[in-house]
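Below: one structure, written as structure tokens.
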Amino acid sequence: MKWTIEAEEELKKVPAFVRRMAKKAVEQQVRKSGRNEITADDVRAGRERHISFIEKQKPSGERPTRIAVVRCDIVAEVCPGVACFRAFHERHCHFSTYGDNTEIIGFFTCGGCPGRRVSRLVERLEPHGLDVVHLSSCMMLEGDYPRCPHRKQIKKSIEAKGIRVVEGTHH
Ligand code: SF4
């Protein structure tokens with residue numbers, strides 16, 4: 001992956017404690033779009049999209065980022081969630097931008113179509129300082145199970161509460 005000089009300069013403006021995470025997030029984003037050169041605009045967009053909410057935390061002495069994972073009620077019949085937790089603990093895939101000061105405070109199923117208990121459980125987590133909700137990869141990907149047909153509505157309902165949503169966990 002090639003970085004332009006302007007992109008490198010832009011990256012230097014990101015606070016040191018999240019710079020490595022920012023670099024990773026931008027590279028992932030550009031790779032996804034099929035390009036192999038990173039521009040200053042890519043850095044600005046990636047910083048805004050993936051890092052700005054973490055930047056607001058101080059490196060130490062601040063409260064952790066608190067996340068929850070919602071997963072498919074149907075898939076949960078056969079999946080104990082090992083891959084989601086592994087991805088979180090190893091900070092890879094959709095958890096790669098989080099620092100050490102991050103904790104999972106909720107891990108629950110949607111309650112069945114059309115995601116009937118998501119709103120209620122997100123509301124129960126809000127007083128505990130919920131910052132981000134991940135929609136599990138089993139909801140987002142077409143594979144052994146069909147992609148969740150209600151994912152967009154579920155996402156919207158969470159965002160309407162002012163909570164950030166990330167699409168995916170371990171894929
Ligand atoms: S709403 Fe989506 S995630 Fe929930 S059970 Fe139905 S298909 Fe699965």
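Each chain of the structure tokens is named A, B, ... in the order shown, its residues numbered from 1; ligands are numbered from 1 in display order.
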Item to check | Given 7 Å and only C-alpha atoms and all ligand atoms, residues near ligand 1 as a PyMOL selection string | outcome: chain A and resi 71-75+110-115+139+147-151
Next on the checklist: Please list as a ChimeraX atom specification every residue within 12 Å of Met21 in chain A, counting only C-alpha atoms and excluding residues in the same chain fewer than 6 positions away.
Outcome noted: /A:11,14-15,27-28,43,46-47,50-52,54-55,91-100
Item to check | Residues within 12 Å of Thr39 in chain A, only C-alpha atoms, excluding chain neighbours under 2 positions, as a list in words | outcome: Met1, Lys2, Trp3, Thr4, Ile5, Glu6, Ala7, Glu8, Glu9, Glu10, Leu11, Lys23, Val26, Glu27, Gln29, Val30, Arg35, Asn36, Glu37, Asp41, Asp42, Val43, Arg44, Ala45 and Gly46 of chain A
Could you save those same residues with C-alpha atoms as a short mmCIF file (atom, residue, chain, number, x, y, z; two decimals), in the first residue's frame?
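Contents of again03.cif, freshly written:
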data_model
loop_
_atom_site.label_atom_id
_atom_site.label_comp_id
_atom_site.auth_asym_id
_atom_site.auth_seq_id
_atom_site.Cartn_x
_atom_site.Cartn_y
_atom_site.Cartn_z
CA MET A 1 0.00 0.00 0.00
CA LYS A 2 1.53 3.34 -1.08
CA TRP A 3 1.11 6.50 0.99
CA THR A 4 1.42 9.92 -0.69
CA ILE A 5 3.54 12.50 1.13
CA GLU A 6 0.38 14.54 1.84
CA ALA A 7 -1.31 11.46 3.32
CA GLU A 8 1.68 10.86 5.61
CA GLU A 9 1.58 14.49 6.72
CA GLU A 10 -2.15 14.17 7.41
CA LEU A 11 -1.55 11.04 9.46
CA LYS A 23 -3.32 3.88 9.84
CA VAL A 26 -7.42 3.84 6.45
CA GLU A 27 -5.46 1.04 4.79
CA GLN A 29 -10.81 1.15 3.80
CA VAL A 30 -8.67 1.90 0.72
CA ARG A 35 -7.09 1.03 -4.73
CA ASN A 36 -3.50 0.81 -3.58
CA GLU A 37 -2.57 4.44 -2.97
CA ASP A 41 -8.47 12.79 1.69
CA ASP A 42 -8.53 9.08 2.53
CA VAL A 43 -6.84 9.83 5.85
CA ARG A 44 -9.30 12.61 6.66
CA ALA A 45 -12.29 10.41 5.75
CA GLY A 46 -10.96 7.40 7.67
#
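Computed from the coordinates, the CA of His134 in chain A to CA of Val166 in chain A distance equals 4.7 Å.
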Checklist entry - Taking the backbone alone, and naming residues the way the document does, which bits of range 90-139 of chain A are alpha helix (DSSP H) by DSSP, as number ranges by chain? => result A: 90, 118-125, 137-139
Item to check | DSSP strand (DSSP E) residues within range 56-168 of chain A, as a list in words | outcome: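 The strand (DSSP E) residues within range 56-168 of chain A come out as Thr65, Arg66, Ile67, Ala68, Val69, Val70, Arg71, Thr102, Glu103, Ile104, Ile105, Gly106, Phe107, Phe108, Thr109, Val132, Val133, His134, Leu135, Arg164, Val165, Val166 and Glu167 of chain A.
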Checklist entry - Hey, which of A:Ala68, A:Ala87, A:Leu141, A:Val78 ends up closest to Gly106 in chain A? Count only C-alpha atoms. => result A:Ala68
Checklist entry - By how many Å are CA of Val18 in chain A and CA of Leu135 in chain A apart? => result 23.5 Å
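In this structure, CA of Asn101 in chain A sits 7.7 Å away from CA of Arg63 in chain A.
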Checklist entry - Which residue, A:Arg66, A:Ala40, A:Glu167, A:Ile158, has the smallest gap to Arg117 in chain A when you use only C-alpha atoms? => result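 Checking each candidate against Arg117 in chain A, we get A:Ile158 as the closest.
Nearest residue to Ala83 in chain A, choosing from A:Gln153, A:Lys161, A:Arg19, A:Cys138 and counting only C-alpha atoms: A:Cys138.
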Item to check | For Tyr145 in chain A, the nearest of the candidates A:Val133, A:Leu121, A:Cys79, A:Ile67, counting only C-alpha atoms | outcome: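 Of all the options, A:Cys79 lies closest to Tyr145 in chain A.
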Would you list the contacts of Val82 in chain A as a CSV table (one decimal) with N, CA and C atoms, in the first residue's frame, taking every protein, DNA or RNA residue within 12 Å and counting only C-alpha atoms, but skipping same-chain residues closer than 4 positions in sequence?
chain,number,residue,atom,x,y,z
A,76,ALA,N,-27.8,-18.1,16.3
A,76,ALA,CA,-27.3,-18.4,17.7
A,76,ALA,C,-27.7,-19.8,18.2
A,78,VAL,N,-26.9,-22.4,16.8
A,78,VAL,CA,-25.7,-23.2,16.5
A,78,VAL,C,-24.4,-22.6,16.7
A,86,ARG,N,-13.2,-13.8,19.9
A,86,ARG,CA,-11.8,-13.9,19.5
A,86,ARG,C,-11.4,-12.6,18.7
A,87,ALA,N,-12.2,-12.2,17.8
A,87,ALA,CA,-11.9,-11.0,17.0
A,87,ALA,C,-11.8,-9.8,17.9
A,88,PHE,N,-12.7,-9.7,18.9
A,88,PHE,CA,-12.6,-8.6,19.9
A,88,PHE,C,-11.3,-8.7,20.7
A,89,HIS,N,-11.0,-9.8,21.2
A,89,HIS,CA,-9.8,-10.0,22.1
A,89,HIS,C,-8.5,-9.7,21.3
A,107,PHE,N,-23.8,-8.7,24.9
A,107,PHE,CA,-23.7,-9.6,23.8
A,107,PHE,C,-25.1,-10.4,23.7
A,136,SER,N,-23.4,-8.4,14.2
A,136,SER,CA,-22.5,-9.5,14.0
A,136,SER,C,-22.4,-9.9,12.5
A,169,THR,N,-18.4,-8.2,12.7
A,169,THR,CA,-17.6,-8.5,13.8
A,169,THR,C,-16.3,-9.2,13.4
A,170,HIS,N,-16.4,-10.4,13.0
A,170,HIS,CA,-15.1,-11.2,12.7
A,170,HIS,C,-14.9,-11.4,11.2
